[in-house]
file work.cif (mmCIF, C-alpha atoms)
data_entry
#
loop_
_atom_site.label_atom_id
_atom_site.label_comp_id
_atom_site.auth_asym_id
_atom_site.auth_seq_id
_atom_site.Cartn_x
_atom_site.Cartn_y
_atom_site.Cartn_z
CA MET A 1 8.38 13.51 16.14
CA ALA A 2 5.95 12.50 13.44
CA GLY A 3 2.34 13.31 12.70
CA ILE A 4 -0.72 11.89 10.99
CA TYR A 5 -3.27 14.08 9.23
CA ILE A 6 -6.66 12.66 8.24
CA HIS A 7 -8.73 14.67 5.77
CA ILE A 8 -12.49 14.24 6.14
CA PRO A 9 -13.74 15.89 2.92
CA PHE A 10 -17.45 16.09 3.71
CA CYS A 11 -19.53 19.21 4.42
CA PHE A 12 -23.28 19.81 4.73
CA SER A 13 -22.81 22.96 2.66
CA ARG A 14 -19.98 24.96 1.09
CA CYS A 15 -18.64 28.08 2.78
CA ALA A 16 -18.29 30.94 0.29
CA TYR A 17 -14.58 31.60 0.97
CA CYS A 18 -13.22 28.05 1.31
CA ASP A 19 -11.05 26.38 -1.34
CA PHE A 20 -10.10 23.26 0.65
CA TYR A 21 -11.09 20.02 -1.04
CA LYS A 22 -14.58 19.03 0.08
CA THR A 23 -17.84 17.50 -1.13
CA THR A 24 -21.47 17.67 -0.03
CA LYS A 25 -22.15 14.11 -1.27
CA LEU A 26 -22.75 12.62 2.17
CA ASP A 27 -23.91 9.33 0.65
CA LYS A 28 -20.23 8.66 -0.08
CA LEU A 29 -19.26 8.80 3.62
CA GLU A 30 -19.40 5.07 4.35
CA PRO A 31 -17.47 4.08 1.18
CA PHE A 32 -14.94 6.78 2.09
CA LEU A 33 -14.38 5.22 5.51
CA VAL A 34 -13.70 1.85 3.87
CA ALA A 35 -11.11 3.44 1.55
CA LEU A 36 -9.59 5.39 4.46
CA LYS A 37 -9.06 2.21 6.49
CA SER A 38 -7.46 0.57 3.47
CA GLU A 39 -5.04 3.48 3.11
CA ILE A 40 -4.16 3.46 6.82
CA LYS A 41 -3.31 -0.25 6.60
CA HIS A 42 -1.31 0.22 3.39
CA TYR A 43 1.18 2.65 4.92
CA SER A 44 1.61 0.92 8.27
CA SER A 45 4.71 -0.95 7.08
CA LEU A 46 6.18 2.10 5.32
CA PHE A 47 5.87 4.70 8.07
CA GLN A 48 7.53 3.51 11.27
CA GLU A 49 8.01 6.82 13.09
CA LYS A 50 6.54 7.24 16.57
CA ILE A 51 3.34 9.26 16.19
CA THR A 52 3.26 12.34 18.41
CA THR A 53 0.34 14.19 16.79
CA LEU A 54 -2.90 13.14 15.09
CA TYR A 55 -5.12 15.71 13.41
CA PHE A 56 -8.57 15.34 11.85
CA GLY A 57 -9.22 18.20 9.41
CA GLY A 58 -11.54 18.87 6.55
CA GLY A 59 -14.10 19.40 5.33
CA THR A 60 -16.04 18.82 8.51
CA PRO A 61 -14.64 16.02 10.70
CA SER A 62 -17.43 16.63 13.23
CA LEU A 63 -19.87 15.09 10.72
CA LEU A 64 -18.52 11.71 11.77
CA LYS A 65 -20.13 9.70 14.55
CA SER A 66 -18.12 8.74 17.63
CA SER A 67 -18.35 5.10 16.49
CA HIS A 68 -16.52 6.07 13.29
CA PHE A 69 -13.70 7.61 15.31
CA ASP A 70 -13.51 4.56 17.57
CA GLU A 71 -13.00 2.32 14.53
CA ILE A 72 -10.35 4.63 13.06
CA PHE A 73 -8.48 4.95 16.37
CA SER A 74 -8.49 1.19 16.88
CA LEU A 75 -6.96 0.63 13.45
CA LEU A 76 -4.40 3.42 13.90
CA ARG A 77 -3.22 2.07 17.25
CA ASP A 78 -2.89 -1.41 15.76
CA SER A 79 -0.94 -0.06 12.77
CA TYR A 80 1.31 2.69 14.20
CA ILE A 81 3.31 3.46 17.33
CA PHE A 82 1.58 6.16 19.38
CA SER A 83 3.51 8.36 21.80
CA GLU A 84 2.19 8.33 25.36
CA ARG A 85 1.80 12.12 25.12
CA ILE A 86 0.17 12.18 21.70
CA GLU A 87 -1.81 15.31 20.80
CA ILE A 88 -5.09 14.36 19.10
CA THR A 89 -6.99 17.24 17.50
CA ILE A 90 -10.36 17.49 15.79
CA GLU A 91 -11.69 20.44 13.81
CA CYS A 92 -15.36 21.05 14.62
CA ASN A 93 -18.19 23.26 13.51
CA PRO A 94 -19.93 24.94 16.47
CA ASP A 95 -23.37 23.62 15.52
CA ASP A 96 -22.14 20.01 15.74
CA LEU A 97 -20.93 20.34 19.32
CA THR A 98 -23.74 19.05 21.49
CA LYS A 99 -22.83 18.15 25.07
CA ASP A 100 -23.28 14.47 24.25
CA TYR A 101 -20.99 14.71 21.21
CA ILE A 102 -18.32 16.49 23.27
CA ASP A 103 -18.45 13.69 25.85
CA LYS A 104 -18.04 11.09 23.12
CA LEU A 105 -15.10 12.92 21.52
CA LEU A 106 -13.27 12.86 24.85
CA GLU A 107 -14.13 9.19 25.35
CA SER A 108 -12.77 8.39 21.87
CA GLY A 109 -9.41 9.93 22.78
CA PHE A 110 -9.42 13.51 21.52
CA ASN A 111 -7.54 15.89 23.81
CA ARG A 112 -7.54 19.03 21.65
CA ILE A 113 -10.38 20.72 19.80
CA SER A 114 -10.27 23.46 17.17
CA ILE A 115 -13.59 25.21 16.63
CA GLY A 116 -14.34 27.07 13.39
CA ILE A 117 -15.92 30.22 14.77
CA GLN A 118 -14.74 32.75 12.11
CA SER A 119 -16.81 35.61 13.60
CA PHE A 120 -19.35 36.43 16.30
CA HIS A 121 -21.27 38.81 14.01
CA GLU A 122 -24.41 37.37 12.41
CA LYS A 123 -23.90 39.30 9.15
CA ASP A 124 -20.37 37.93 8.80
CA LEU A 125 -21.55 34.36 9.35
CA GLN A 126 -24.37 34.73 6.84
CA GLU A 127 -22.14 36.30 4.16
CA MET A 128 -19.53 33.56 4.61
CA GLY A 129 -22.13 30.81 4.37
CA ARG A 130 -21.52 29.47 7.86
CA ARG A 131 -24.25 27.22 9.31
CA HIS A 132 -23.94 28.35 12.92
CA SER A 133 -25.09 31.46 14.74
CA SER A 134 -23.14 33.70 17.09
CA ALA A 135 -24.98 32.19 20.05
CA GLN A 136 -24.03 28.67 18.92
CA ALA A 137 -20.40 29.74 18.57
CA LEU A 138 -20.26 31.04 22.13
CA GLN A 139 -22.09 28.02 23.52
CA ALA A 140 -19.84 25.56 21.68
CA ILE A 141 -16.70 26.95 23.32
CA LYS A 142 -18.29 27.08 26.76
CA ASP A 143 -19.63 23.53 26.43
CA ALA A 144 -16.29 22.19 25.19
CA TYR A 145 -14.64 23.61 28.30
CA SER A 146 -17.31 22.55 30.79
CA GLY A 147 -17.39 19.13 29.12
CA GLY A 148 -13.72 18.54 29.89
CA PHE A 149 -11.57 19.88 27.05
CA ARG A 150 -8.61 21.85 28.39
CA ASN A 151 -6.89 22.49 25.05
CA ILE A 152 -9.32 24.57 23.01
CA GLY A 153 -8.54 26.55 19.88
CA MET A 154 -10.70 28.70 17.64
CA ASP A 155 -10.45 30.38 14.23
CA LEU A 156 -11.27 33.95 13.25
CA ILE A 157 -11.30 35.60 9.83
CA TYR A 158 -10.60 39.31 9.38
CA GLY A 159 -10.23 41.60 6.38
CA LEU A 160 -13.88 41.10 5.40
CA PRO A 161 -14.96 43.47 2.59
CA TRP A 162 -18.32 44.45 4.14
CA SER A 163 -16.88 44.89 7.64
CA ASN A 164 -14.41 47.21 9.38
CA THR A 165 -11.76 47.39 12.09
CA ALA A 166 -14.27 48.33 14.79
CA ALA A 167 -16.29 45.17 14.11
CA PHE A 168 -13.14 43.04 14.27
CA SER A 169 -12.27 44.71 17.57
CA GLU A 170 -15.67 43.60 18.91
CA ASN A 171 -14.83 40.02 17.95
CA LEU A 172 -11.58 40.22 19.89
CA LYS A 173 -13.36 41.60 22.96
CA ILE A 174 -15.55 38.49 22.95
CA VAL A 175 -12.52 36.21 22.52
CA LYS A 176 -11.10 37.77 25.69
CA THR A 177 -13.99 36.32 27.73
CA LEU A 178 -13.64 32.74 26.47
CA PRO A 179 -11.72 29.76 27.93
CA ILE A 180 -9.48 29.20 24.90
CA ASN A 181 -5.75 28.46 24.74
CA HIS A 182 -5.20 28.96 21.02
CA LEU A 183 -6.30 31.47 18.40
CA SER A 184 -5.78 31.20 14.64
CA ALA A 185 -6.69 34.42 12.83
CA TYR A 186 -6.55 34.55 9.04
CA HIS A 187 -6.94 37.45 6.65
CA LEU A 188 -9.62 36.69 4.07
CA THR A 189 -8.23 35.77 0.67
CA PHE A 190 -10.35 35.53 -2.46
CA GLU A 191 -9.35 32.06 -3.60
CA GLU A 192 -9.76 31.23 -7.28
CA GLY A 193 -13.02 29.45 -8.05
CA THR A 194 -14.79 30.22 -4.77
CA PRO A 195 -18.13 32.09 -4.60
CA PHE A 196 -16.31 35.01 -2.98
CA ASP A 197 -13.88 35.15 -5.90
CA ARG A 198 -16.77 35.32 -8.36
CA LEU A 199 -18.42 38.12 -6.35
CA LEU A 200 -15.12 40.02 -6.33
CA LYS A 201 -14.80 39.74 -10.11
CA ARG A 202 -18.37 40.95 -10.56
CA GLY A 203 -17.67 43.99 -8.42
CA VAL A 204 -20.04 42.98 -5.61
CA TYR A 205 -17.12 42.84 -3.17
CA ARG A 206 -13.90 44.81 -2.99
CA GLU A 207 -10.68 43.85 -1.28
CA ILE A 208 -10.03 46.06 1.72
CA THR A 209 -7.10 48.46 1.48
CA ASP A 210 -3.59 47.58 2.64
CA SER A 211 -3.98 50.23 5.33
CA GLU A 212 -7.18 48.60 6.65
CA SER A 213 -5.55 45.17 6.56
CA LEU A 214 -2.52 46.39 8.47
CA ASN A 215 -4.69 48.15 11.07
CA GLN A 216 -6.60 44.95 11.75
CA TYR A 217 -3.43 42.87 11.92
CA GLU A 218 -1.84 45.31 14.37
CA LEU A 219 -5.01 45.28 16.45
CA LEU A 220 -4.81 41.49 16.53
CA ARG A 221 -1.15 41.50 17.59
CA GLU A 222 -1.74 44.08 20.32
CA PHE A 223 -4.73 42.15 21.64
CA ALA A 224 -2.77 38.88 21.72
CA ALA A 225 0.18 40.41 23.56
CA LYS A 226 -2.07 42.10 26.13
CA GLU A 227 -4.01 38.90 26.81
CA GLY A 228 -0.91 36.73 27.23
CA PHE A 229 -0.96 34.95 23.89
CA GLU A 230 2.37 34.03 22.32
CA HIS A 231 2.56 35.03 18.65
CA TYR A 232 4.42 31.97 17.39
CA GLU A 233 3.47 31.93 13.70
CA VAL A 234 2.13 34.56 11.32
CA SER A 235 -1.51 33.60 11.91
CA ASN A 236 -1.28 31.65 15.16
CA PHE A 237 -1.34 32.68 18.81
CA CYS A 238 -1.39 30.60 21.98
CA LYS A 239 -1.23 30.72 25.74
CA PRO A 240 2.15 29.45 27.06
CA GLY A 241 2.50 25.71 26.49
CA PHE A 242 -0.43 25.46 24.08
CA ARG A 243 1.11 25.69 20.63
CA SER A 244 -0.46 23.43 18.05
CA ARG A 245 2.13 20.67 18.13
CA HIS A 246 0.74 19.20 14.92
CA ASN A 247 1.01 22.38 12.86
CA SER A 248 4.40 23.11 14.43
CA SER A 249 5.65 19.79 13.06
CA TYR A 250 4.83 21.01 9.53
CA TRP A 251 6.84 24.16 10.11
CA ASP A 252 9.92 22.50 11.64
CA GLY A 253 10.27 19.85 8.93
CA SER A 254 9.18 16.80 10.93
CA PRO A 255 7.84 13.84 8.93
CA TYR A 256 4.09 13.43 8.60
CA ILE A 257 1.69 11.31 6.63
CA GLY A 258 -1.70 12.35 5.29
CA PHE A 259 -4.71 10.14 4.67
CA GLY A 260 -7.77 11.05 2.61
CA PRO A 261 -8.28 12.78 -0.76
CA GLY A 262 -6.23 15.97 -1.13
CA SER A 263 -3.98 15.18 1.84
CA HIS A 264 -0.20 15.65 1.76
CA SER A 265 2.69 13.67 3.25
CA TYR A 266 6.37 14.33 3.84
CA PHE A 267 8.81 11.59 4.78
CA GLY A 268 11.89 9.83 3.48
CA GLY A 269 13.15 12.91 1.63
CA TYR A 270 10.16 13.27 -0.66
CA ARG A 271 6.73 14.82 -0.66
CA GLN A 272 3.61 13.06 -1.86
CA TRP A 273 -0.07 13.90 -2.05
CA ASN A 274 -3.37 12.25 -2.84
CA LYS A 275 -5.25 13.74 -5.76
CA ALA A 276 -8.24 15.79 -4.66
CA ASP A 277 -10.77 13.42 -6.18
CA LEU A 278 -13.11 11.44 -3.93
CA ASN A 279 -14.33 9.08 -6.67
CA LEU A 280 -10.74 8.17 -7.52
CA TYR A 281 -9.88 7.78 -3.83
CA LEU A 282 -12.74 5.33 -3.32
CA LYS A 283 -11.13 2.95 -5.85
CA SER A 284 -8.06 2.63 -3.57
CA ASP A 285 -5.72 2.41 -6.58
CA ARG A 286 -2.50 3.89 -5.13
CA GLU A 287 -0.80 4.31 -8.52
CA LYS A 288 -3.62 6.54 -9.76
CA ILE A 289 -4.26 8.40 -6.50
CA VAL A 290 -0.76 9.32 -5.34
CA GLU A 291 1.62 11.85 -6.86
CA LYS A 292 5.19 12.30 -5.61
CA GLU A 293 8.16 14.59 -5.92
CA VAL A 294 11.68 14.10 -4.63
CA LEU A 295 12.93 17.31 -3.03
CA ASP A 296 16.29 18.51 -4.32
CA ILE A 297 18.56 20.75 -2.28
CA SER A 298 17.01 23.92 -3.69
CA ASP A 299 13.49 22.71 -2.80
CA ARG A 300 14.54 21.81 0.74
CA LEU A 301 16.32 25.11 1.24
CA ASN A 302 13.36 27.14 -0.01
CA GLU A 303 11.06 25.22 2.32
CA LEU A 304 13.33 26.05 5.25
CA ILE A 305 13.06 29.72 4.33
CA MET A 306 9.32 29.71 3.63
CA LEU A 307 8.33 27.83 6.78
CA GLY A 308 10.98 29.27 9.09
CA LEU A 309 10.33 32.95 8.43
CA ARG A 310 6.64 32.46 9.23
CA THR A 311 7.47 31.27 12.76
CA ALA A 312 8.93 32.90 15.86
CA GLU A 313 11.89 30.50 15.69
CA GLY A 314 13.01 31.79 12.31
CA VAL A 315 15.28 30.17 9.73
CA ASN A 316 18.19 28.07 10.96
CA LEU A 317 21.10 29.48 8.94
CA GLU A 318 23.40 26.66 10.02
CA ALA A 319 20.93 24.14 8.55
CA ILE A 320 21.00 26.06 5.25
CA GLU A 321 24.79 26.19 5.29
CA ALA A 322 24.93 22.44 5.89
CA LEU A 323 22.76 21.86 2.82
CA ASP A 324 24.75 24.00 0.40
CA ARG A 325 27.41 26.63 1.12
CA GLN A 326 26.92 28.49 -2.16
CA MET A 327 23.16 28.78 -1.68
CA TYR A 328 23.74 29.83 1.93
CA ASN A 329 25.87 32.73 0.68
CA LYS A 330 23.06 33.77 -1.68
CA VAL A 331 20.55 33.79 1.16
CA VAL A 332 22.87 35.80 3.41
CA SER A 333 23.48 38.30 0.62
CA ALA A 334 19.77 38.64 -0.23
CA SER A 335 18.86 39.12 3.43
CA LYS A 336 21.13 42.15 3.93
CA LYS A 337 18.67 44.75 2.64
CA TRP A 338 15.91 43.32 4.86
CA LEU A 339 18.24 43.34 7.86
CA GLN A 340 19.23 46.94 7.18
CA ALA A 341 15.57 47.95 6.78
CA GLY A 342 14.72 46.34 10.11
CA ASN A 343 12.36 43.71 8.70
CA LEU A 344 14.67 40.86 9.71
CA HIS A 345 17.17 40.30 12.49
CA ASN A 346 19.86 37.68 13.07
CA GLU A 347 19.68 36.02 16.46
CA SER A 348 22.18 33.26 17.30
CA LYS A 349 22.38 32.04 13.69
CA PHE A 350 18.60 32.18 13.25
CA LEU A 351 17.22 34.63 10.71
CA LYS A 352 13.97 35.97 12.14
CA CYS A 353 11.21 38.18 10.84
CA ASN A 354 10.23 41.00 13.16
CA ALA A 355 6.61 40.60 14.24
CA LYS A 356 5.49 43.82 12.56
CA SER A 357 7.00 42.63 9.28
CA TRP A 358 5.11 39.34 9.32
CA PHE A 359 2.34 41.22 7.54
CA VAL A 360 4.58 41.45 4.44
CA VAL A 361 6.56 38.26 5.01
CA ASP A 362 5.49 36.61 1.75
CA GLY A 363 7.39 39.26 -0.23
CA ILE A 364 10.49 38.78 1.92
CA ILE A 365 10.34 35.01 1.51
CA LYS A 366 10.05 35.28 -2.26
CA ASP A 367 13.08 37.56 -2.34
CA LEU A 368 15.21 35.06 -0.37
CA PHE A 369 14.30 32.02 -2.46
CA VAL A 370 17.24 30.45 -4.32
#
call {"tool": "encode", "arguments": {"input": "work.cif", "output": "structure tokens"}}
result
Amino acid sequence: MAGIYIHIPFCFSRCAYCDFYKTTKLDKLEPFLVALKSEIKHYSSLFQEKITTLYFGGGTPSLLKSSHFDEIFSLLRDSYIFSERIEITIECNPDDLTKDYIDKLLESGFNRISIGIQSFHEKDLQEMGRRHSSAQALQAIKDAYSGGFRNIGMDLIYGLPWSNTAAFSENLKIVKTLPINHLSAYHLTFEEGTPFDRLLKRGVYREITDSESLNQYELLREFAAKEGFEHYEVSNFCKPGFRSRHNSSYWDGSPYIGFGPGSHSYFGGYRQWNKADLNLYLKSDREKIVEKEVLDISDRLNELIMLGLRTAEGVNLEAIEALDRQMYNKVVSASKKWLQAGNLHNESKFLKCNAKSWFVVDGIIKDLFV
């Protein structure tokens, strides 16, 4: 397995909570596409894995025209080996999803769509700086399904400072009525440098209490279980057979390559990333754009812990032991208190986090790091 991620860094406007790399300078779109094609060609001789997943993220990939995607797909197929069962995902804003655009996405080759809903409450959407309305959100999902998509995901955000658990429950009741196979639900975080972070520091917003956060997370888990969604990663839920194969490849350590400013890659025993600088990216100077790090045993082991404990599969203890016996012993020793407390359990040599404890998994992970 191997994946390709393409970062489309353009947005019409900036959402108040988002810290992903993006720009509103849409006049740079065409030069960006030239640089993107150059980068795709550059790595074609260096990355020979069969491609099983392709993911367009952002930013707002749905700003691109279908003709742009056709050109990118043509170059990718000429440059890389595509699996016959490749999963091809696009992230979309609801207000971009006209029926005609949906038809063209399917014609281009997309077979999975992830729609950035975030909430069905108008106040939430306005506070977050989203461009779409609740009605557009509902219509986008219905149109994606009636248009032919059969692998549809959506995002929600909870833990909003002006909202409450009852309002989040109303969102979930709406989700229940929709033809989706995948749900990603993220607790709001006040990322450094975002408008929300500035409002928090000024006292306009407050972070909700741990008790409120836990109540909303438990509500989410109970809803997912009742509606037949598998809880396969801390923030991700799916109907059987509809896991995000692309994101799963990040979590299981499969190689992947990222194109576009701010994108990351992992292959050949090292990690590399493009600097989050569009102007630099447009110059296509690899030596100035790309930064790399070779992962030592400690790095690789900590990644196994960090990624594994966030998934239903857990951490493969035999893989850790194969990397370094001494570090394996440290992990086993550090895990004892969490096992005794019931936060973790050992199942066939896989160290797993109990679903209820996923809410505090970051603290457990930090404690197990070597």
call {"tool": "residues_around", "arguments": {"input": "work.cif", "residues": "segment 38-50 of chain A", "least_positions_apart": "5", "cutoff": "9 Å", "atoms": "only C-alpha atoms", "output": "number ranges by chain"}}
result
A: 1-3, 33, 72, 75-76, 79-83, 255-257, 259-260, 267, 284, 286
call {"tool": "residues_around", "arguments": {"input": "work.cif", "residues": "Asn93 of chain A", "least_positions_apart": "2", "cutoff": "8 Å", "atoms": "all atoms listed in the file", "output": "PyMOL selection string"}}
result
chain A and resi 60+62+91+95-97+115-117+132
call {"tool": "closest_residue", "arguments": {"input": "work.cif", "among": "A:Ile4, A:Ala355, A:Leu295, A:Leu307", "to": "Phe73 of chain A", "atoms": "only C-alpha atoms"}}
result
A:Ile4
call {"tool": "resolve_selection", "arguments": {"input": "work.cif", "expression": "the PyMOL selection byres ((chain A and resi 157-166) around 10)", "output": "number ranges by chain"}}
result
A: 116-119, 121, 123-124, 127-128, 155-156, 167-172, 184-189, 200, 204-210, 212-217, 219-220
call {"tool": "write_last_selection", "arguments": {"input": "work.cif", "atoms": "C-alpha atoms", "output": "compact mmCIF listing (two decimals), in the frame of the given file"}}
result
# COMPACT_ATOMS: atom_id res chain seq x y z
CA GLY A 116 -14.34 27.07 13.39
CA ILE A 117 -15.92 30.22 14.77
CA GLN A 118 -14.74 32.75 12.11
CA SER A 119 -16.81 35.61 13.60
CA HIS A 121 -21.27 38.81 14.01
CA LYS A 123 -23.90 39.30 9.15
CA ASP A 124 -20.37 37.93 8.80
CA GLU A 127 -22.14 36.30 4.16
CA MET A 128 -19.53 33.56 4.61
CA ASP A 155 -10.45 30.38 14.23
CA LEU A 156 -11.27 33.95 13.25
CA ALA A 167 -16.29 45.17 14.11
CA PHE A 168 -13.14 43.04 14.27
CA SER A 169 -12.27 44.71 17.57
CA GLU A 170 -15.67 43.60 18.91
CA ASN A 171 -14.83 40.02 17.95
CA LEU A 172 -11.58 40.22 19.89
CA SER A 184 -5.78 31.20 14.64
CA ALA A 185 -6.69 34.42 12.83
CA TYR A 186 -6.55 34.55 9.04
CA HIS A 187 -6.94 37.45 6.65
CA LEU A 188 -9.62 36.69 4.07
CA THR A 189 -8.23 35.77 0.67
CA LEU A 200 -15.12 40.02 -6.33
CA VAL A 204 -20.04 42.98 -5.61
CA TYR A 205 -17.12 42.84 -3.17
CA ARG A 206 -13.90 44.81 -2.99
CA GLU A 207 -10.68 43.85 -1.28
CA ILE A 208 -10.03 46.06 1.72
CA THR A 209 -7.10 48.46 1.48
CA ASP A 210 -3.59 47.58 2.64
CA GLU A 212 -7.18 48.60 6.65
CA SER A 213 -5.55 45.17 6.56
CA LEU A 214 -2.52 46.39 8.47
CA ASN A 215 -4.69 48.15 11.07
CA GLN A 216 -6.60 44.95 11.75
CA TYR A 217 -3.43 42.87 11.92
CA LEU A 219 -5.01 45.28 16.45
CA LEU A 220 -4.81 41.49 16.53
call {"tool": "residues_around", "arguments": {"input": "work.cif", "residues": "segment 99-111 of chain A", "least_positions_apart": "5", "cutoff": "8 Å", "atoms": "only C-alpha atoms", "output": "MDAnalysis selection string"}}
result
chainID A and resid 66 69:70 73 87:90 143:144 147:151
call {"tool": "write_last_selection", "arguments": {"input": "work.cif", "atoms": "C-alpha atoms", "output": "compact mmCIF listing (two decimals), in the coordinates of the input"}}
result
# COMPACT_ATOMS: atom_id res chain seq x y z
CA SER A 66 -18.12 8.74 17.63
CA PHE A 69 -13.70 7.61 15.31
CA ASP A 70 -13.51 4.56 17.57
CA PHE A 73 -8.48 4.95 16.37
CA GLU A 87 -1.81 15.31 20.80
CA ILE A 88 -5.09 14.36 19.10
CA THR A 89 -6.99 17.24 17.50
CA ILE A 90 -10.36 17.49 15.79
CA ASP A 143 -19.63 23.53 26.43
CA ALA A 144 -16.29 22.19 25.19
CA GLY A 147 -17.39 19.13 29.12
CA GLY A 148 -13.72 18.54 29.89
CA PHE A 149 -11.57 19.88 27.05
CA ARG A 150 -8.61 21.85 28.39
CA ASN A 151 -6.89 22.49 25.05
call {"tool": "resolve_selection", "arguments": {"input": "work.cif", "expression": "the PyMOL selection byres ((chain A and resi 29) around 12)", "output": "CSV table (one decimal) with C-alpha atoms, in the coordinates of the input"}}
result
chain,number,residue,atom,x,y,z
A,8,ILE,CA,-12.5,14.2,6.1
A,9,PRO,CA,-13.7,15.9,2.9
A,10,PHE,CA,-17.4,16.1,3.7
A,11,CYS,CA,-19.5,19.2,4.4
A,12,PHE,CA,-23.3,19.8,4.7
A,22,LYS,CA,-14.6,19.0,0.1
A,23,THR,CA,-17.8,17.5,-1.1
A,24,THR,CA,-21.5,17.7,0.0
A,25,LYS,CA,-22.2,14.1,-1.3
A,26,LEU,CA,-22.8,12.6,2.2
A,27,ASP,CA,-23.9,9.3,0.6
A,28,LYS,CA,-20.2,8.7,-0.1
A,30,GLU,CA,-19.4,5.1,4.4
A,31,PRO,CA,-17.5,4.1,1.2
A,32,PHE,CA,-14.9,6.8,2.1
A,33,LEU,CA,-14.4,5.2,5.5
A,34,VAL,CA,-13.7,1.8,3.9
A,35,ALA,CA,-11.1,3.4,1.6
A,36,LEU,CA,-9.6,5.4,4.5
A,59,GLY,CA,-14.1,19.4,5.3
A,60,THR,CA,-16.0,18.8,8.5
A,61,PRO,CA,-14.6,16.0,10.7
A,63,LEU,CA,-19.9,15.1,10.7
A,64,LEU,CA,-18.5,11.7,11.8
A,65,LYS,CA,-20.1,9.7,14.6
A,68,HIS,CA,-16.5,6.1,13.3
A,260,GLY,CA,-7.8,11.0,2.6
A,278,LEU,CA,-13.1,11.4,-3.9
A,279,ASN,CA,-14.3,9.1,-6.7
A,282,LEU,CA,-12.7,5.3,-3.3
call {"tool": "atom_distance", "arguments": {"input": "work.cif", "atom1": "atom CA of Val315 of chain A", "atom2": "atom CA of Leu351 of chain A"}}
result
5.0 Å
call {"tool": "resolve_selection", "arguments": {"input": "work.cif", "expression": "the PyMOL selection byres ((chain A and resi 332-348) around 9)", "output": "list in words"}}
result
Gly314, Leu317, Met327, Tyr328, Asn329, Lys330, Val331, Lys349, Phe350, Leu351, Lys352, Cys353, Asn354, Ala355, Lys356, Ser357, Trp358, Val361, Ile364, Asp367, Leu368 and Phe369 of chain A
call {"tool": "write_last_selection", "arguments": {"input": "work.cif", "atoms": "C-alpha atoms", "output": "compact mmCIF listing (two decimals), in the coordinates of the input"}}
result
# COMPACT_ATOMS: atom_id res chain seq x y z
CA GLY A 314 13.01 31.79 12.31
CA LEU A 317 21.10 29.48 8.94
CA MET A 327 23.16 28.78 -1.68
CA TYR A 328 23.74 29.83 1.93
CA ASN A 329 25.87 32.73 0.68
CA LYS A 330 23.06 33.77 -1.68
CA VAL A 331 20.55 33.79 1.16
CA LYS A 349 22.38 32.04 13.69
CA PHE A 350 18.60 32.18 13.25
CA LEU A 351 17.22 34.63 10.71
CA LYS A 352 13.97 35.97 12.14
CA CYS A 353 11.21 38.18 10.84
CA ASN A 354 10.23 41.00 13.16
CA ALA A 355 6.61 40.60 14.24
CA LYS A 356 5.49 43.82 12.56
CA SER A 357 7.00 42.63 9.28
CA TRP A 358 5.11 39.34 9.32
CA VAL A 361 6.56 38.26 5.01
CA ILE A 364 10.49 38.78 1.92
CA ASP A 367 13.08 37.56 -2.34
CA LEU A 368 15.21 35.06 -0.37
CA PHE A 369 14.30 32.02 -2.46
call {"tool": "atom_distance", "arguments": {"input": "work.cif", "atom1": "atom CA of Cys92 of chain A", "atom2": "atom CA of Glu303 of chain A"}}
result
29.4 Å
call {"tool": "closest_residue", "arguments": {"input": "work.cif", "among": "A:Glu227, A:Glu218, A:Asp197, A:Asp296", "to": "Thr177 of chain A", "atoms": "all atoms listed in the file"}}
result
A:Glu227
call {"tool": "atom_distance", "arguments": {"input": "work.cif", "atom1": "atom CA of Asp285 of chain A", "atom2": "atom CA of Gly253 of chain A"}}
result
28.3 Å
call {"tool": "residues_around", "arguments": {"input": "work.cif", "residues": "Phe229 of chain A", "least_positions_apart": "3", "cutoff": "7 Å", "atoms": "only C-alpha atoms", "output": "VMD selection string"}}
result
chain A and resid 224 to 225 237 to 239
call {"tool": "axis_aligned_box", "arguments": {"input": "work.cif", "around": "segment 16-31 of chain A", "padding_each_side": "6 Å", "output": "JSON"}}
result
{"center_x": -17.0, "center_y": 17.8, "center_z": 1.5, "size_x": 25.8, "size_y": 39.5, "size_z": 17.7}
call {"tool": "residues_near_point", "arguments": {"input": "work.cif", "point": "(-1.7, 18.7, 16.0)", "cutoff": "9 Å", "atoms": "all atoms listed in the file", "output": "list in words"}}
result
Gly3, Ile4, Tyr5, Thr52, Thr53, Leu54, Tyr55, Phe56, Ile86, Glu87, Ile88, Thr89, Ile90, Arg112, Arg243, Ser244, Arg245, His246, Asn247, Ser248 and Ser249 of chain A
call {"tool": "closest_residue", "arguments": {"input": "work.cif", "among": "A:Glu291, A:Glu122, A:Asp324, A:Asp252", "to": "His264 of chain A", "atoms": "only C-alpha atoms"}}
result
A:Glu291
call {"tool": "build_atoms", "arguments": {"input": "work.cif", "residues": "segment 140-144 of chain A", "atoms": "N, CA and C atoms", "output": "CSV table (one decimal), in the coordinates of the input"}}
result
chain,number,residue,atom,x,y,z
A,140,ALA,N,-20.7,26.7,22.0
A,140,ALA,CA,-19.8,25.6,21.7
A,140,ALA,C,-18.5,25.6,22.5
A,141,ILE,N,-18.0,26.8,22.6
A,141,ILE,CA,-16.7,27.0,23.3
A,141,ILE,C,-16.9,26.7,24.8
A,142,LYS,N,-18.0,27.3,25.3
A,142,LYS,CA,-18.3,27.1,26.8
A,142,LYS,C,-18.6,25.6,27.1
A,143,ASP,N,-19.3,24.9,26.2
A,143,ASP,CA,-19.6,23.5,26.4
A,143,ASP,C,-18.4,22.6,26.3
A,144,ALA,N,-17.5,23.0,25.3
A,144,ALA,CA,-16.3,22.2,25.2
A,144,ALA,C,-15.5,22.3,26.5
